[in-house]
Structures are given as structure tokens and as C-alpha cells.
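Undergrad: First the structure, which I've put down as C-alpha cells, then a few questions once you've had a look.
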Amino acid sequence: NHVLDSATAGIFISTPAERNWITDNTILRSKAAGIKVARQIDHRDTNGQVITPTTYRAPGIFISGNYINDTRYFGMEIDQTLSAIVTDNTIEFVDFIGIYLLRSDRIMVSHNTIRDFGQSLHRVPVWQWNTDSNSGIYGDLGTLEATILNNIIVNATSAGTRFGIKITPHPLNVKNKVVQNSIHGSYTYNTIDVPPNKNNTNAANIIDPSPPIEWMTANDFVAHGNVEIVESTQSDDDGDVFRFSSSSSGRSEFGVLLSSNAYYGDESDGHNVDFMVEILSQQQYMNITNGYESEIIVFFAPLGTYSNEVNQNDNEFGGAGGGHEFGSFDDNVIARLRYRILTQFGPGNKHTWFQLDANSATGATSEDGQMTSGFLRIQRKDGKIYGYFISEDLSINEWSPVNSGIDLPPEYATGPMQVGIRIRKDYKTYHNFTVKASMIKSGALIDVPPAPTPAPTTLESTYTPIDFGSAPPPACESTLPQGTSPYETKGIGGGGAMSGLSISPWSDIWFVGTDMGTLFRSDNRGRTWFPVSHLEARYHSILPVSGPVGFTTNPEVMLFAACHNDPLNISSHPCVALRSDDAGLTWNAANVTGGSELSSDGKPLLDSNPKQWVTSLQNNSGYVLASAYEGLYRSLDDGLTWSEVPVPSSHTNSPRGLFLDESIDPPLVFMGTPSGIYIWQDGDEANARQIWNASDSPLLSFSGGRSDESGRVTLSYVDSNIADCDVDSQEDCGAVHIFSDVLNGTEVLALESFTFTKSSQRAYRVVLAQSDADVIYATGARSWERATGTSVWKGLWNTSSVEFDFQLKFLQSDIHNSYAKWPADKLDYSSVGLDLGYWDGGYYTFAVNAKNSNETGGSGNFFLHISRDGGEHWESPFTEYRDSCNTGGIRSAGERWSSAGIEMTSVRHLKFNPFNLLHGYASVADINMLKTLDGGDTWQISNSGFSGINTVYDYAFVSENVIIGVGGNFHDWPHGWYRNPIRGAGGAFISFDTGTSWRRLGQLISINCSNESKDVNCTITDDYGGQDMIRQVLSALYDESDGTLYIGTHAGGIARLAGLGAAIDSGYVDLVDALEWEWINNGLGSLATGLVVPEMKIFNGTIYALLTGDAPYFTNKNITGIYHWDREDQVWTIHRGLLQWPAAVHTDYDLWVYPTSFDIDTTTGAMWMTDMNSYNYLASGIWKSEDGGANWTRVQQYTYPFQVKVVGSRVYVTGEWSISRWGNAAEDDSDWGWGGLLYSDDAGLTWKKNELVPLAANGAGATIDPSDSGKIFYTYFGGGMMYGPVPP
């Protein structure tokens, strides 16, 4: 958590409390303690006594990894605890005491870093406290048997420190140990003060009273670019604190400090010039970036260098040799020491990298962990350059060398040098460093000559002209076969989680499911796909337990069941199995595992959830097995009827794999469970026996195969002994064991024992084709270190060595080789992978064609990859590359694609540019956005320049080339808690080149931000740099009449940017960047709870906005609705008069608690609005007013409507429709309400539903094709886009 500017404590655990963990939080500027654990004295009983007695002790409190800075009381206040652990925390710049202990027994305080406490002497205190107790760690009365160990306490800036560590001489303060601490700086009283006569221990502490460092001030530097003094010096010795910060990629966001003097260094000391920079803080941006963050560079420059000469924009080209401008910086400096950290989403490799460069030579090193504070030092001595660092974050408390020294050319070995600090952004938008600087050794000083007077320049040479881009060449023709449905899928393909890849052994039919509820079907072996209608079957979002489609001995008959949250608690989400007799086009209920209960629509519910289907490979034999989480079931008529196989539950429960050996009649059944592997002959289950016992290492996976031609049978399993695994796979991993021999079924059945050979191959799962004993596929697990779980190894039977030889056949991204992608000649890259990254962790399911081991594939959170040649080459079968004819077939980021039919992205809006009707822009969760420049034929991700953006929620159009995009870092509005007021990150961005590149729009701070607005602080530095326009934005509107942009935010209401049109017309980027935002919330209600504005539109010159509810409390429910902007009075006026109460809604419920969309019929003036209701779905629906909002009538109940749109005389409403996993749809108000793709041609009197589109349950919006009014785009939450004829 980031806790900023709390008026009391940052985090407060009120005792009594047990086993609370407070870890890895950042707490800045709290008015009381950063972290407090104590009783609340305002909690009193009826006699006025504090409820929690002073004798109580809270057990199991664990406080670790927190960063606390600039608190106005203590860093931590720990009271009444038992055996608490306070470790690895950093506390800086607090008024009184770093860690305050009171009435705490056996507390462990270890490995904390506490700096610059006692600041109350230097500023007006907020609280009264005896400053004579100011200490790094202070044990007050009742500190019993404490261990204070290995802490680092530093006083470098404060005159208000009295002790480093202090235990008061109270009679109860006994048996305390203060050992092995390092205390630096000076203290008014004692560095360590521990009572000697109470069995206390004070030993092996390191005390270093080094003199204060002479820090440099702003007078010692010349600044250029975006550098500011954060804290000005109080005396010459204190120095200044400088901040380098940025929130865009613009030139003005780069900054440099260059010394105003040059330094010779003493000749007697080898011309030693020694420059040190302390990194006080570095803000990390792991929520909006990945990879290396911006870096700090400490450098030496020749005498006569000027700050503008070393402040190049390294994100642009133009440097030496035609490279980046950063090359010009290299040309202008003598030596440089660089430092940057690697940021990762979630767990993964995190390290800090250091590099020293001079005289065309380089030395580098890296350390595990992240250095967010510490020291950098660059030194010239005896003709060499040296670099060093110190970082408590990295447990490096002495100067650590970057390399052994680099020789300087003679002209720089002895002469005067300037010193400096700058940032290298390296394409990152954000950075925020605070630093101090000191000359450790400088020698004689020499003034730098004044800079030459620049020649007069023109506006054109000082301002950056707008580049409006150029049109790309036409996209290539599609080569994919065309489907027969009137609707087709649109997009780039993929983009979300998939599971259950299913490959028919008989025909060209394949299936794959998605976490967004859709089952996709291919009738051409995965070349193209089409959604199975939601009214027939749906896929469950819990992918680890959502299984594949099963095939039978009849090529037309298939089986399916994927609808449980928890397969071992089926009553929580009842499920119905399905059977298709037309190759998966339509589905009907099937009673597979019992059907002891019926669903509400009379279908037989599963008694156990099927995990694996195994069919006989004897065509039309009818034999199929269903392995469920509890039990094994058999059908002899291709799934029409079923019976449970009578074997003990120990043989079947929690299945790990099932293999059918048909070399004998009846066939042999092999079953793997965590406890072992079992065998029996079908029909002779009474003689089932265990052939491998897994008591020492539970089985993770099991599979088997038989080659009819050679007679070989192979069984393989993976144990769970992680001792055989490496550092990338410390869970869900074991060794692959193999039994393989040439035996017929009778011989196998007669074997008394099976000898499995342990291979050197590690894995999570093994998969064999049922008909091939010579090939084993082994894969990693999703829990393995990033991307390593996507590994696919192929084992081939080696007749010479009589064993299986395994080779790596696939790995999406190699974390041990700079995240290198699998080679392009072995993998057909996709847009999601190239534009966003190959970040899959592993496979939910991995499949092999039962009759063809060359056909295989698996899917994870982002990708489906398949191979048709045994793993030599892999396809991305969800997409088609459409720029091949322009690039020679080389696939790259930012290019054009079309969908092969699988889409599961969430597209909220699709808007076409009225200045060019072929240019469309889609709002897409997780991948930012999509654009088309050819009317929807091809699409591309164009996200260059966005920062803090997960989803571009809306667009506005200034011209054919100039586009406004707004969004934020939280996706999925208005679903779940994402509808609540959220500040987030993000903002408004502009593109001058049809969306190819983007830049943040306007200044980051508005001219009238209100601190009453939710999650806004306009006056001080917070987690967003005090910049209130870095926030999530949901809607945008550009008013052509005066060139003003309006945006509706997710918490702060409405802001506008006046003068945008004129600034664009000027032709200069700088004038656009200089525009200032203005908040205009007058009339919208209270800012304190958050103003959420999801839509804005303009009709006949009047601007309208929709104000929705401040979920989850809905305090503004009486003022939600449509507003218009009164330009003269500068106020928003609501169009909400009398709401006619729907007959089915009880008056105890509220109306209009969460409006979602509105539109106005420009012909009739009728207003339309949709809303959702959290408490009563019957209260939500489609509303209409024919008198400007004076009276409103609900014309249709609709449970989750997301968009209403008026097109001519027709009204479209799209949203969700409650449809069960087995295709049972809600039909009316009595059954979860209305939903789906509705439209009305009679002003809302009657409504029709478009059920020709297979995606029926998850609608989000509808957009008529502006180039063909007879066609419509439907957009979906988790279904991308579909395109086809407007409904009749």
C-alpha cells in the first residue's frame, strides 16, 4: 500500500490484535506515527475505563519491509506486544523517534535502517514531545527482554538527535540486548544508552562519529531542464536536495545539474577528483512500467562544458553517427557512472545495474535486489577512472567497486573537470529521484567561462513542429478461409486467457475455451475459429478447472462440461454436462455423472465435475470414459448414457491422467492419481491393482501411449520431488519417470511389477498421444519462474540408447537470455506478444492429437500456440499477419493484423473518425487500444507514448490526423468494484499522426484543483508527483466551435482544456504542451465522494454529460443523471425531474443509483438513459424522457445495460444477458431480468433481440459502420468485436 498524507497514523493496528502482518508499505508524511500498534484509549466501557487493559500483550505482530518518510511524530510506535518482530524497515526524516517501544515483551527489532530523526528542532512541531528522548530506537517503560540487533542508525542532517539507541532506566526494563548495531553521526547525549544493572546487554555495536559531509548547494551547479530544489539549505554545510522528475517523454522533462566550477584535484594525490551523489529516494513505477527504469548518471565533463550540451533527449534520434541524441551526451563527457534498477510485475528477477564508461571502455556489475537509495561515487586518480556504490537496500555498506579502473587519455588524466548529474530516461515516461551531492576530493577550483551568447533564433527553430505523420501502404490481402456465418470476428486475435484446447482424432474439428465465457470452434484444424453460441454452451472463467471438449467414437458427437468454480464443491455452482451430435454446433444436456439433482430449468446436474474425456480409437465402438474429480464414468453409446465404473475412489479421485490401451479386448485402463498408478481390464474392475505407489512423492501428472505397429507401450508420470528441479521451478515440479517396453495387452496385464526409469528431465506434466508410444511431451507449470513454465520438451524413443532423449522444443521468453523470444523461424509471432510482451507463465492445458502426435499445443493467460510438426514450428492460430507483403514477412510491433476468430479482449467502445470514416478506434482493456485505418479489415495496437494506461476508454476527434485518447490504469469499468470512484493513473493524450504515437496533453497540474475532490492533492508531492491530471479518465468530447476539450474523470468530475484547437493550428507541439487544465464541476454535487462521468456528448451546440453513482455507497443517488453545460452561467444543470416508478419495483429501493449511458434523439429531442442497480436488478433498465428530462419513464427492464445509442429511428441497447453455462437464458423479469443485444423501432414500445450473433451474454456496445449503414459492429466485454448485418 501507499499511504500518503494521513492526518493521523499511516497504518494503525488497534489492540487487541493477533498475528497481524504489516509488510512492504510506503508511508509518507503522516501527521502521527507512520505505523502504530497500540490500544485505543477512546474505546471505553460504561464506567469510562479503557477497554483494553495495560496488561494485555498482542502476539504475533510482524512489521517488515516498510518505508516510512517525513512523519511528524514517530516512525513507528509499538505498544503492548508480545514477541513482535520489526525487521528490514527503513525510516527517514521523522520529528522525534525512529522506533518507539512501550510495554512490549520479547520484541525483536533487527536489520532496520533509521536516518535523520529528531527533525522537530528544524521545523515547527505538530505534537508536543520531550525532545530529550529523540532517538533512533527508544525503549520506554515496560521494554522487557527486547533484542535490538543489526540495525543501522545514521544522523547526517539533524541537530535534534539525543541518542542513537536508548533504553530508559525503568525497573521493568530488564534483560534487553542491544548488540551488533551500526550507529553513525553525532548525538547530543550518548550514542547508546542502556541501563547496566538490569541484566541488559550492550555489546559489539559499531559507533562511527564521522564528521558531517560537506554537501553542495544550488550555488555549486547550473541546472538545465526539469530539475528543482526540493529542500533549500539552512547553512552551507547542509546542502540542497534536488529532484529530477518526469511524467512525459517531452524534451522539457529531461534534467541535468552541471557544476559551475571545474576541479583539478591535488597533484600530490594523483589529481584526485572524487564526486559523490547520495540517492535519497527513487520512486518505482512497477504499476505502469516493466523492465529497467530510468537511470541516474554521475559524470565528469571537460572544462567549458555547458548544461544544455549535456541534456539531450535520449528518446529521440540525432546524436553522433545518426543514433539517439544520448550519443551527443557521450561525445561531450569524459566519463560516466550509470545506475538503474529492474522493475518487474509481481515476483521475478529484480536487480540493480551499474556501469562505468570512459575512453571507449566499459566496466559493469549488477546486484540482486533494488537500490532505491544509496550512494554513487565517481573518481579520477592516477590517470584512471573508478566507480563505486553503497546501498543498504543491497546490504552493501562499504564502497563497492564497479570495476578495477579505466585508463583516461592523457588530456584528461590531470586537467580540470566539471562534475554533473543527469537522467537517462531510455523511453520511460516517469522518473522521480531526489539526490544530494558532495565533493569528497576536489583540489583547486577554477571558474567555468561564461557561455557564449546564442545567436538570435526563430520560433521555428526553438519550437518543435507538429508531425502529422503519413499514410501507411495498403495492408496485404487475407489468405484465411471465409466462414459461412453472417457475422465475423474483428480485431487482432487473442489477447486473453485460454484453456481446454481440444483436437479431434477423427476430423478437422478443434475447440478452445476462454476465461471470458466463450467456447471457440474450428472446423479447419485451427486455421479459423468461430464462437459457439452462448445460447448453446459457455466456458467457465476458472481456467485451472475448466476442462476440454471430449470426443467420442462418432466424429459428429462431442461432450463438454466446464462450469464449476470449485470442482470439489459442486453445489456452490451447479453444472450441467452437454452433448453435441452435430460436431459442436448445437448442444443438449447429458446425464454423465449421476444427475441426482436437477437444475432450475430441469436439466440433470453433475454429481462430479469431469476433468478428462478419453475415447476409444476404434471408430463407432461407442466406448468413452469420463474421468471426474470424484469417480470414473463410462459410456458405451458415445455419451448418450453413462454408468459409474465400479472401482474404489482411491483409484480415481483427484485424477492426474487416464490412458486406454486397446491392444486387448476389453481394453486396459490405466489411471493416475496423487497416490499412484492403477490398472485394470475393463469389466474386471474387481481385480484393479496399483502398479506404482506414490506415498513418498505424490504424482503430479500421468499419461500413456501405445504404438500398434511396433507393439511398444509407454507409461510416464511426473513425481513431486523438487530436489530434481532448478531455481526456476521450486514448486509444481518433479522428475519424469518412464516405463516403456514392447508388450501386447495380455503381457502387460500379466506383469507382476512395472519398472519405471527416472529420467533427467524435469516437468510439471507429461502428455502422450494415445496411439504413439515413441513420443512424450513434457511441459513446465504456470507457477514456475516467469515464462519458464511455457517450456515444452519433446522426448523421442532412442532405439540405440534404449531410452527417451528430451530436447527443448519451445519457450516463449528466455529470462536467462535477456527475455529473448523463441526464434522467429520457429514461432509465428502475434501482435499481443510483440506489442505487449510474451509474459505467459505456462499452460492451463496442453493437448496432443490422440491419433497424431505431431499435432499438439497449449494455452495460458495470453496465448494459444500449436504445432503441426511435432514442435519444430509453432503457430499463433488466433491471428493473421497483414503486413507481410510490406515487410518481407518479418513480423514486428505496431503493425497490422486481423483476427482468425478467437477474441476475448474487452472492447467498451468503438468510434469512427468523422473526418475519415475508415479510421476507427476501439477502447480495449489490458492492451490499451486498437485502431483500424481501413474500415475494420485490419487492426493494430498503437500505444507508443501512453503512460499509466491499461485501457483507453474514449476518443475525441479534432481532424483526420489529430485524435484525443483518454483512459487509465484500471480496466473493466463499470464491472465490479471498478465502477467505484478511482483516481488511478492515466489521463488525456493526443496523437497528431492518426494514433501512431501519443503524448500527454496539457500541463499536469490544473489551475483550480480542489483538495475536496476525491483522491486529489493539488498542493504537495504525492504518489503522482502532486499532479492532479495524472488520473483515470472515462470520457472525452471536443467542441469544434471553440477548440475546447472536455474530459469526464473517474473520480474528479469534469475538466476542460481551452485553446486546444488554436494550439494545434499553430503547428507547434510546445504550445499544445503549455495548455492548462481547468476543473468545471459547479453544479455536479459534492467532490468529496468522487464524481464519475462516463459519457459526454454534444447536440446542437450544447454539451451534455452523464453523472453516475459514487459506488458502493451511492450517496449522490438523487442527483445522478444527464446534465448540460450552461456556457453563460458556467454551471452544470441536471435533466432529472419526475421518475415514474416501475410497477415491479418496491418503493424501498432507489432508482438511478448507477447510470451507465445516455443518448439524445436529435430529431425528436427524446432523451434516453440506461442504468444498473446494485440492490434490485428489477429497478434497472432503459429510461426515456420526451420533455427534456422533466418526466422519465422506464420503457424496458434491463439488468446490466452498458450502452444506449440512437441511430435514426432505431434505438440500440447493449449489455450483459444472464445465460447459464449450459445455454439457459433469462427470458423476463422473473428470471434475472432482461439483457442481450436489444433494439427498438417504435421509440421503445417494443423491443427485439438479435440472437443471430453467437456472443449473446457479454455485450458492451454497438456501432453502425459509417461506410455501410447496413452493417454493425458489436463490441463485447471479453469477446472483442463482431461485424455483420444490422438486425432486421
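Ligands are numbered from 1 in the order shown, chains are lettered A, B, ... in the order of the C-alpha cells, and residues start at 1 in each chain.
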Go through region 1118-1232 of chain A and flag each residue having an atom no more than 9 Å from region 1239-1260 of chain A; for those, report the closest pair of atoms plus their distance in Å to one decimal, using only C-alpha atoms, ordered by chain and rising number, as a Markdown table.

TA:
```
| residue | atom | partner | partner_atom | distance |
| --- | --- | --- | --- | --- |
| A:Ile1182 | CA | A:Gly1244 | CA | 8.7 |
| A:Lys1184 | CA | A:Gly1244 | CA | 8.2 |
| A:Val1195 | CA | A:Gly1244 | CA | 6.0 |
| A:Gln1196 | CA | A:Gly1244 | CA | 7.6 |
| A:Pro1201 | CA | A:Ala1260 | CA | 8.0 |
| A:Phe1202 | CA | A:Ala1260 | CA | 5.7 |
| A:Gln1203 | CA | A:Ala1260 | CA | 6.6 |
| A:Ser1209 | CA | A:Asp1241 | CA | 6.2 |
| A:Arg1210 | CA | A:Asp1241 | CA | 4.7 |
| A:Val1211 | CA | A:Ser1240 | CA | 5.3 |
| A:Tyr1212 | CA | A:Tyr1239 | CA | 4.4 |
| A:Val1213 | CA | A:Tyr1239 | CA | 6.0 |
| A:Thr1214 | CA | A:Gly1259 | CA | 5.4 |
| A:Gly1215 | CA | A:Gly1259 | CA | 4.4 |
| A:Glu1216 | CA | A:Asn1258 | CA | 4.6 |
| A:Trp1217 | CA | A:Ala1257 | CA | 4.5 |
| A:Ser1218 | CA | A:Ala1257 | CA | 6.3 |
| A:Ile1219 | CA | A:Ala1257 | CA | 6.2 |
| A:Ala1225 | CA | A:Ala1257 | CA | 8.7 |
```

Undergrad: Keeping N, CA and C atoms, export the residues of the selection given above as a short mmCIF file (atom, residue, chain, number, x, y, z; two decimals), in the first residue's frame.

TA:
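Writing the result to selection_27.cif gives the following:
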```
data_model
loop_
_atom_site.label_atom_id
_atom_site.label_comp_id
_atom_site.auth_asym_id
_atom_site.auth_seq_id
_atom_site.Cartn_x
_atom_site.Cartn_y
_atom_site.Cartn_z
N ILE A 1182 -33.93 0.63 -19.11
CA ILE A 1182 -33.86 1.62 -20.17
C ILE A 1182 -34.90 2.69 -19.88
N LYS A 1184 -36.57 6.75 -20.65
CA LYS A 1184 -36.81 7.69 -21.74
C LYS A 1184 -37.56 8.91 -21.21
N VAL A 1195 -38.91 2.27 -19.97
CA VAL A 1195 -39.63 1.61 -21.05
C VAL A 1195 -39.30 0.12 -21.13
N GLN A 1196 -38.22 -0.32 -20.46
CA GLN A 1196 -37.87 -1.73 -20.50
C GLN A 1196 -36.92 -2.05 -19.35
N PRO A 1201 -27.41 -3.02 -18.51
CA PRO A 1201 -27.21 -2.31 -19.78
C PRO A 1201 -25.98 -1.42 -19.70
N PHE A 1202 -25.16 -1.44 -20.75
CA PHE A 1202 -23.93 -0.65 -20.75
C PHE A 1202 -23.93 0.48 -21.77
N GLN A 1203 -24.77 0.38 -22.79
CA GLN A 1203 -24.78 1.45 -23.79
C GLN A 1203 -26.15 1.58 -24.42
N SER A 1209 -34.25 6.22 -36.55
CA SER A 1209 -35.46 5.92 -35.77
C SER A 1209 -35.29 4.69 -34.89
N ARG A 1210 -34.11 4.10 -34.90
CA ARG A 1210 -33.87 2.89 -34.11
C ARG A 1210 -33.04 3.22 -32.87
N VAL A 1211 -33.32 2.52 -31.78
CA VAL A 1211 -32.56 2.65 -30.55
C VAL A 1211 -31.93 1.29 -30.25
N TYR A 1212 -30.61 1.29 -30.06
CA TYR A 1212 -29.88 0.08 -29.69
C TYR A 1212 -29.50 0.17 -28.21
N VAL A 1213 -29.68 -0.95 -27.51
CA VAL A 1213 -29.20 -1.06 -26.14
C VAL A 1213 -28.43 -2.37 -26.03
N THR A 1214 -27.20 -2.28 -25.55
CA THR A 1214 -26.37 -3.48 -25.42
C THR A 1214 -25.86 -3.60 -24.00
N GLY A 1215 -25.66 -4.83 -23.59
CA GLY A 1215 -25.17 -5.11 -22.24
C GLY A 1215 -25.10 -6.60 -22.02
N GLU A 1216 -25.09 -6.98 -20.75
CA GLU A 1216 -24.98 -8.39 -20.40
C GLU A 1216 -26.36 -9.05 -20.37
N TRP A 1217 -26.36 -10.36 -20.55
CA TRP A 1217 -27.58 -11.18 -20.51
C TRP A 1217 -27.23 -12.40 -19.69
N SER A 1218 -28.03 -12.67 -18.69
CA SER A 1218 -27.77 -13.81 -17.81
C SER A 1218 -28.08 -15.11 -18.55
N ILE A 1219 -27.01 -15.84 -18.88
CA ILE A 1219 -27.14 -17.12 -19.58
C ILE A 1219 -26.29 -18.13 -18.83
N ALA A 1225 -31.03 -19.20 -20.88
CA ALA A 1225 -31.03 -17.74 -20.82
C ALA A 1225 -32.22 -17.22 -20.04
#
```

Undergrad: According to DSSP computed on the backbone, where in region 695-897 of chain A is there strand (DSSP E or B)? Give the residues as a VMD selection string.

TA: chain A and resid 701 to 706 712 to 718 734 to 742 757 to 763 765 to 767 775 to 779 792 to 798 803 to 810 813 to 814 820 to 821 827 845 to 849 852 to 859 864 to 867 874 to 875 879 to 881 897

Undergrad: Which is closest to His184 (chain A) among A:Thr755, A:Asn397, A:Thr1108, A:Asn66, if we use only C-alpha atoms?

TA: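 Comparing A:Thr755, A:Asn397, A:Thr1108, A:Asn66 against His184 (chain A), the winner is A:Asn397.
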
Undergrad: List the spatial neighbours of Phe93 (chain A) as a ChimeraX atom specification - criterion: any atom at most 6 Å away, only C-alpha atoms, same-chain residues fewer than 5 positions off excluded.

TA: /A:69-70,116-117

Undergrad: Thr71 (chain A): which residues within 6 Å, counting only C-alpha atoms, same-chain residues fewer than 4 positions away excluded, as a compact mmCIF listing (two decimals) with all heavy atoms, in the first residue's frame?

TA:
```
# COMPACT_ATOMS: atom_id res chain seq x y z
N ARG A 29 4.66 11.21 4.97
CA ARG A 29 4.11 12.46 5.51
C ARG A 29 2.89 12.25 6.39
O ARG A 29 1.96 13.06 6.34
CB ARG A 29 3.78 13.41 4.36
CG ARG A 29 4.97 13.76 3.48
CD ARG A 29 4.58 14.68 2.35
NE ARG A 29 3.60 14.08 1.47
CZ ARG A 29 3.88 13.26 0.48
NH1 ARG A 29 5.14 12.93 0.22
NH2 ARG A 29 2.93 12.76 -0.27
N SER A 30 2.83 11.22 7.19
CA SER A 30 1.71 11.09 8.12
C SER A 30 1.92 12.06 9.28
O SER A 30 3.04 12.30 9.72
CB SER A 30 1.58 9.65 8.61
OG SER A 30 2.74 9.26 9.30
N LYS A 31 0.82 12.57 9.79
CA LYS A 31 0.90 13.57 10.87
C LYS A 31 1.26 12.92 12.20
O LYS A 31 1.79 13.58 13.10
CB LYS A 31 -0.43 14.31 10.99
CG LYS A 31 -0.72 15.27 9.84
CD LYS A 31 0.30 16.40 9.80
CE LYS A 31 -0.07 17.46 8.80
NZ LYS A 31 -0.05 17.01 7.43
N VAL A 94 12.00 11.83 10.53
CA VAL A 94 10.85 11.91 11.43
C VAL A 94 11.14 12.94 12.50
O VAL A 94 12.29 13.26 12.81
CB VAL A 94 10.53 10.54 12.05
CG1 VAL A 94 10.24 9.52 10.96
CG2 VAL A 94 11.68 10.04 12.91
```

Undergrad: Given the choices A:Asp869, A:Glu960, A:Asp1126, A:Asp814, which gets closest to Lys794 (chain A) if the distance is worked out from only C-alpha atoms?

TA: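 Checking each candidate against Lys794 (chain A), we get A:Asp869 as the closest.
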
Undergrad: For a test of reading the model, state the distance in Å between CA of Ser307 (chain A) and CA of Ala335 (chain A), rounded to one decimal.

TA: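 Separation between CA of Ser307 (chain A) and CA of Ala335 (chain A): 15.7 Å.
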